[in-house]
Amino acid sequence: MSDLTLILKAVRPGDPKAAEELLPLAATYLSRANWTAAWFPSTVDPEQDLEAWRALATGPGAVTVNVKSLSFPYLHRGPTALALGSELSARGPGANHFGMIARARVKLAAGKWRFRIRGEGGVRVMVDGKAVIEDWAADAPGTEAADDERSMEGEAEIVVEHFVKEGTAEFRFLLEPVAK
């Protein structure tokens with residue numbers, strides 16, 4: 001059983017056909033995402049100065065990595081422990097006071113889509129420039145979710161921003177079709 005199948009079963013617990021129904025959609029859309037993620041030490045609180053915080057993602061302390069999913073088991077060790085490349089391991093931020101901004105263009109079918117974040121720290125998810133999840137004060141572990149309706153099939157620009165003050169165990173971003 002694949003990790004994706006396990007995730008889909010968790011999305012609709014008690015529904016034995018959940019994975020079978022949703023797996024083709026998930027494999028079609030999610031596995032094609034090519035994320036560009038930038039991690040950076042965060043000396044700026046995004047609640048106080050969002051533009052200055054975002055500028056850190058392209059500054060000299062930032063490390064950019066291409067990834068296939070936004071699923072990061074930080075285990076309170078920070079981005080350097082993710083084994084996503086020698087540059088991130090050597091130059092990436094430590095466990096505290098870091099930010100991550102990830103971008104991808106994803107082809108989505110018409111219909112309702114659920115955006116879900118699991119972890120701790122502040123977070124914002126934007127779809128085509130519109131915030132669908134925004135909680136910069138989330139310091140405790142938890143899950144945030146929001147739905148977005150698409151009137152027609154097409155490519156969507158998704159931006160995920162994450163801010164950590166005092167370490168985090170994990171950060172996960174999931175995108176799933178909402179079953180009718």
# chains A, B, ... in the order shown; residues from 1 in each chain; ligands from 1
$ residues_around --residues "Pro46 (chain A)" --least-positions-apart "3" --cutoff "10 Å" --atoms "only C-alpha atoms" --output "list in words"
Ser42, Thr43, Asp49, Leu50, Glu51, Ala52, Trp53, Arg54, Gly99, Gly122, Val123, Trp136, Glu161, His162 and Phe163 of chain A
$ write_last_selection --atoms "N, CA and C atoms" --output "PDB file, in the first residue's frame"
ATOM      1  N   SER A  42      14.858  33.358   9.897  1.00  0.00           N
ATOM      2  CA  SER A  42      13.862  34.425   9.955  1.00  0.00           C
ATOM      3  C   SER A  42      14.127  35.353  11.134  1.00  0.00           C
ATOM      4  N   THR A  43      14.670  36.484  10.824  1.00  0.00           N
ATOM      5  CA  THR A  43      14.910  37.514  11.832  1.00  0.00           C
ATOM      6  C   THR A  43      13.742  38.486  11.913  1.00  0.00           C
ATOM      7  N   ASP A  49       6.054  42.564   9.665  1.00  0.00           N
ATOM      8  CA  ASP A  49       6.530  43.135   8.401  1.00  0.00           C
ATOM      9  C   ASP A  49       6.593  42.019   7.354  1.00  0.00           C
ATOM     10  N   LEU A  50       5.464  41.750   6.723  1.00  0.00           N
ATOM     11  CA  LEU A  50       5.346  40.636   5.789  1.00  0.00           C
ATOM     12  C   LEU A  50       6.286  40.771   4.599  1.00  0.00           C
ATOM     13  N   GLU A  51       6.402  41.956   4.025  1.00  0.00           N
ATOM     14  CA  GLU A  51       7.262  42.137   2.853  1.00  0.00           C
ATOM     15  C   GLU A  51       8.734  41.910   3.185  1.00  0.00           C
ATOM     16  N   ALA A  52       9.172  42.389   4.333  1.00  0.00           N
ATOM     17  CA  ALA A  52      10.566  42.154   4.742  1.00  0.00           C
ATOM     18  C   ALA A  52      10.799  40.667   4.995  1.00  0.00           C
ATOM     19  N   TRP A  53       9.818  39.993   5.583  1.00  0.00           N
ATOM     20  CA  TRP A  53       9.930  38.551   5.818  1.00  0.00           C
ATOM     21  C   TRP A  53      10.030  37.799   4.489  1.00  0.00           C
ATOM     22  N   ARG A  54       9.167  38.139   3.538  1.00  0.00           N
ATOM     23  CA  ARG A  54       9.203  37.488   2.220  1.00  0.00           C
ATOM     24  C   ARG A  54      10.531  37.741   1.507  1.00  0.00           C
ATOM     25  N   GLY A  99      11.850  30.420   8.124  1.00  0.00           N
ATOM     26  CA  GLY A  99      10.690  30.513   7.253  1.00  0.00           C
ATOM     27  C   GLY A  99      10.874  29.611   6.058  1.00  0.00           C
ATOM     28  N   GLY A 122       3.289  29.541  12.095  1.00  0.00           N
ATOM     29  CA  GLY A 122       2.380  30.361  11.297  1.00  0.00           C
ATOM     30  C   GLY A 122       2.343  29.876   9.861  1.00  0.00           C
ATOM     31  N   VAL A 123       1.190  30.061   9.212  1.00  0.00           N
ATOM     32  CA  VAL A 123       1.043  29.538   7.853  1.00  0.00           C
ATOM     33  C   VAL A 123       0.075  30.397   7.035  1.00  0.00           C
ATOM     34  N   TRP A 136      -1.135  33.136  11.185  1.00  0.00           N
ATOM     35  CA  TRP A 136       0.249  33.406  11.557  1.00  0.00           C
ATOM     36  C   TRP A 136       0.496  33.207  13.040  1.00  0.00           C
ATOM     37  N   GLU A 161       3.331  29.540   2.613  1.00  0.00           N
ATOM     38  CA  GLU A 161       4.289  30.247   3.449  1.00  0.00           C
ATOM     39  C   GLU A 161       4.199  29.688   4.866  1.00  0.00           C
ATOM     40  N   HIS A 162       5.350  29.401   5.465  1.00  0.00           N
ATOM     41  CA  HIS A 162       5.386  28.789   6.795  1.00  0.00           C
ATOM     42  C   HIS A 162       6.452  29.480   7.638  1.00  0.00           C
ATOM     43  N   PHE A 163       6.103  29.799   8.878  1.00  0.00           N
ATOM     44  CA  PHE A 163       6.985  30.519   9.778  1.00  0.00           C
ATOM     45  C   PHE A 163       7.077  29.764  11.095  1.00  0.00           C
TER      46      PHE A 163
END
$ select_by_dssp --residues "region 41-116 of chain A" --states "alpha helix (DSSP H)" --output "PyMOL selection string"
chain A and resi 50-55+86-91
$ write_last_selection --atoms "N, CA and C atoms" --output "short mmCIF file (atom, residue, chain, number, x, y, z; two decimals), in the first residue's frame"
data_model
loop_
_atom_site.label_atom_id
_atom_site.label_comp_id
_atom_site.auth_asym_id
_atom_site.auth_seq_id
_atom_site.Cartn_x
_atom_site.Cartn_y
_atom_site.Cartn_z
N LEU A 50 5.46 41.75 6.72
CA LEU A 50 5.35 40.64 5.79
C LEU A 50 6.29 40.77 4.60
N GLU A 51 6.40 41.96 4.03
CA GLU A 51 7.26 42.14 2.85
C GLU A 51 8.73 41.91 3.19
N ALA A 52 9.17 42.39 4.33
CA ALA A 52 10.57 42.15 4.74
C ALA A 52 10.80 40.67 4.99
N TRP A 53 9.82 39.99 5.58
CA TRP A 53 9.93 38.55 5.82
C TRP A 53 10.03 37.80 4.49
N ARG A 54 9.17 38.14 3.54
CA ARG A 54 9.20 37.49 2.22
C ARG A 54 10.53 37.74 1.51
N ALA A 55 11.10 38.92 1.68
CA ALA A 55 12.37 39.24 1.03
C ALA A 55 13.50 38.33 1.52
N SER A 86 22.77 18.70 -0.19
CA SER A 86 23.92 19.12 0.59
C SER A 86 23.88 20.61 0.95
N GLU A 87 23.36 21.45 0.04
CA GLU A 87 23.32 22.87 0.34
C GLU A 87 22.38 23.18 1.50
N LEU A 88 21.19 22.57 1.52
CA LEU A 88 20.26 22.80 2.63
C LEU A 88 20.84 22.24 3.92
N SER A 89 21.47 21.08 3.86
CA SER A 89 22.07 20.49 5.05
C SER A 89 23.19 21.37 5.61
N ALA A 90 23.97 21.98 4.73
CA ALA A 90 25.12 22.78 5.16
C ALA A 90 24.76 24.22 5.51
N ARG A 91 23.88 24.84 4.72
CA ARG A 91 23.61 26.28 4.89
C ARG A 91 22.20 26.61 5.37
#
$ residues_around --residues "region 66-77 of chain A" --least-positions-apart "6" --cutoff "10 Å" --atoms "only C-alpha atoms" --output "mmCIF file with N, CA and C atoms, in the first residue's frame"
data_model
loop_
_atom_site.group_PDB
_atom_site.id
_atom_site.type_symbol
_atom_site.label_atom_id
_atom_site.label_comp_id
_atom_site.auth_asym_id
_atom_site.auth_seq_id
_atom_site.Cartn_x
_atom_site.Cartn_y
_atom_site.Cartn_z
ATOM 1 N N LEU A 30 -1.499 15.562 -7.805
ATOM 2 C CA LEU A 30 -0.478 15.823 -6.797
ATOM 3 C C LEU A 30 0.902 15.363 -7.212
ATOM 4 N N SER A 31 1.003 14.253 -7.886
ATOM 5 C CA SER A 31 2.330 13.751 -8.218
ATOM 6 C C SER A 31 2.997 14.576 -9.309
ATOM 7 N N ARG A 32 2.254 15.435 -9.951
ATOM 8 C CA ARG A 32 2.824 16.281 -11.004
ATOM 9 C C ARG A 32 3.289 17.634 -10.490
ATOM 10 N N ALA A 33 3.090 17.907 -9.223
ATOM 11 C CA ALA A 33 3.507 19.202 -8.683
ATOM 12 C C ALA A 33 5.024 19.241 -8.558
ATOM 13 N N ASN A 34 5.600 20.303 -9.023
ATOM 14 C CA ASN A 34 7.027 20.561 -8.864
ATOM 15 C C ASN A 34 7.155 21.817 -8.015
ATOM 16 N N TRP A 35 7.448 21.620 -6.735
ATOM 17 C CA TRP A 35 7.539 22.723 -5.806
ATOM 18 C C TRP A 35 8.949 23.301 -5.790
ATOM 19 N N THR A 36 9.039 24.591 -5.728
ATOM 20 C CA THR A 36 10.295 25.275 -5.456
ATOM 21 C C THR A 36 10.139 25.855 -4.058
ATOM 22 N N ALA A 37 10.931 25.329 -3.123
ATOM 23 C CA ALA A 37 10.826 25.735 -1.721
ATOM 24 C C ALA A 37 12.105 26.442 -1.301
ATOM 25 N N ALA A 38 11.941 27.580 -0.667
ATOM 26 C CA ALA A 38 13.073 28.340 -0.139
ATOM 27 C C ALA A 38 12.970 28.380 1.380
ATOM 28 N N LEU A 84 17.535 16.878 2.078
ATOM 29 C CA LEU A 84 17.029 17.282 0.764
ATOM 30 C C LEU A 84 18.129 17.853 -0.125
ATOM 31 N N GLY A 85 19.350 17.684 0.280
ATOM 32 C CA GLY A 85 20.463 18.164 -0.521
ATOM 33 C C GLY A 85 21.567 18.721 0.349
ATOM 34 N N PRO A 93 18.651 26.891 7.576
ATOM 35 C CA PRO A 93 18.417 27.382 8.936
ATOM 36 C C PRO A 93 18.283 26.231 9.930
ATOM 37 N N GLY A 94 18.506 26.561 11.181
ATOM 38 C CA GLY A 94 18.362 25.582 12.258
ATOM 39 C C GLY A 94 16.906 25.374 12.638
ATOM 40 N N ALA A 95 16.701 24.808 13.805
ATOM 41 C CA ALA A 95 15.363 24.399 14.231
ATOM 42 C C ALA A 95 14.451 25.563 14.620
ATOM 43 N N ASN A 96 15.026 26.693 14.997
ATOM 44 C CA ASN A 96 14.226 27.821 15.470
ATOM 45 C C ASN A 96 14.351 29.020 14.534
ATOM 46 N N ALA A 102 7.078 28.117 -0.474
ATOM 47 C CA ALA A 102 7.080 27.140 -1.574
ATOM 48 C C ALA A 102 6.053 27.561 -2.614
ATOM 49 N N ARG A 103 6.415 27.323 -3.878
ATOM 50 C CA ARG A 103 5.537 27.688 -4.993
ATOM 51 C C ARG A 103 5.442 26.529 -5.968
ATOM 52 N N ALA A 104 4.241 26.374 -6.531
ATOM 53 C CA ALA A 104 4.044 25.376 -7.594
ATOM 54 C C ALA A 104 2.866 25.806 -8.446
ATOM 55 N N ILE A 117 -3.225 21.837 5.984
ATOM 56 C CA ILE A 117 -1.894 21.997 6.567
ATOM 57 C C ILE A 117 -1.896 21.275 7.906
ATOM 58 N N ARG A 118 -0.818 20.535 8.165
ATOM 59 C CA ARG A 118 -0.656 19.912 9.478
ATOM 60 C C ARG A 118 0.732 20.272 9.995
ATOM 61 N N GLY A 119 0.784 20.756 11.214
ATOM 62 C CA GLY A 119 2.054 21.127 11.823
ATOM 63 C C GLY A 119 1.852 22.249 12.811
ATOM 64 N N VAL A 160 2.724 28.446 -0.577
ATOM 65 C CA VAL A 160 2.604 28.056 0.828
ATOM 66 C C VAL A 160 3.717 28.768 1.589
ATOM 67 N N GLU A 166 9.792 28.578 17.456
ATOM 68 C CA GLU A 166 10.490 27.712 18.416
ATOM 69 C C GLU A 166 10.380 26.239 18.046
ATOM 70 N N GLY A 167 10.869 25.856 16.904
ATOM 71 C CA GLY A 167 10.902 24.451 16.502
ATOM 72 C C GLY A 167 9.542 23.893 16.145
ATOM 73 N N THR A 168 9.566 22.803 15.405
ATOM 74 C CA THR A 168 8.348 22.126 15.005
ATOM 75 C C THR A 168 8.668 20.661 14.712
ATOM 76 N N ALA A 169 7.712 19.807 14.963
ATOM 77 C CA ALA A 169 7.902 18.381 14.688
ATOM 78 C C ALA A 169 7.729 18.074 13.212
ATOM 79 N N GLU A 170 6.763 18.745 12.573
ATOM 80 C CA GLU A 170 6.493 18.438 11.177
ATOM 81 C C GLU A 170 5.764 19.585 10.502
ATOM 82 N N PHE A 171 5.751 19.502 9.188
ATOM 83 C CA PHE A 171 4.921 20.386 8.375
ATOM 84 C C PHE A 171 4.467 19.573 7.170
ATOM 85 N N ARG A 172 3.156 19.530 6.937
ATOM 86 C CA ARG A 172 2.620 18.793 5.800
ATOM 87 C C ARG A 172 1.532 19.614 5.113
ATOM 88 N N PHE A 173 1.609 19.632 3.798
ATOM 89 C CA PHE A 173 0.599 20.287 2.977
ATOM 90 C C PHE A 173 -0.061 19.197 2.135
ATOM 91 N N LEU A 174 -1.377 19.154 2.182
ATOM 92 C CA LEU A 174 -2.139 18.203 1.377
ATOM 93 C C LEU A 174 -3.172 18.949 0.565
#
$ residues_around --residues "Ile133 (chain A)" --least-positions-apart "2" --cutoff "8 Å" --atoms "only C-alpha atoms" --output "VMD selection string"
chain A and resid 115 123 to 126 131 135 144 to 146
$ closest_residue --among "A:Ala179, A:Val127, A:Met152, A:Met100" --to "Trp39 (chain A)" --atoms "only C-alpha atoms"
A:Met100
$ closest_residue --among "A:Thr143, A:Thr58, A:Lys130, A:Asp45" --to "Glu157 (chain A)" --atoms "only C-alpha atoms"
A:Lys130
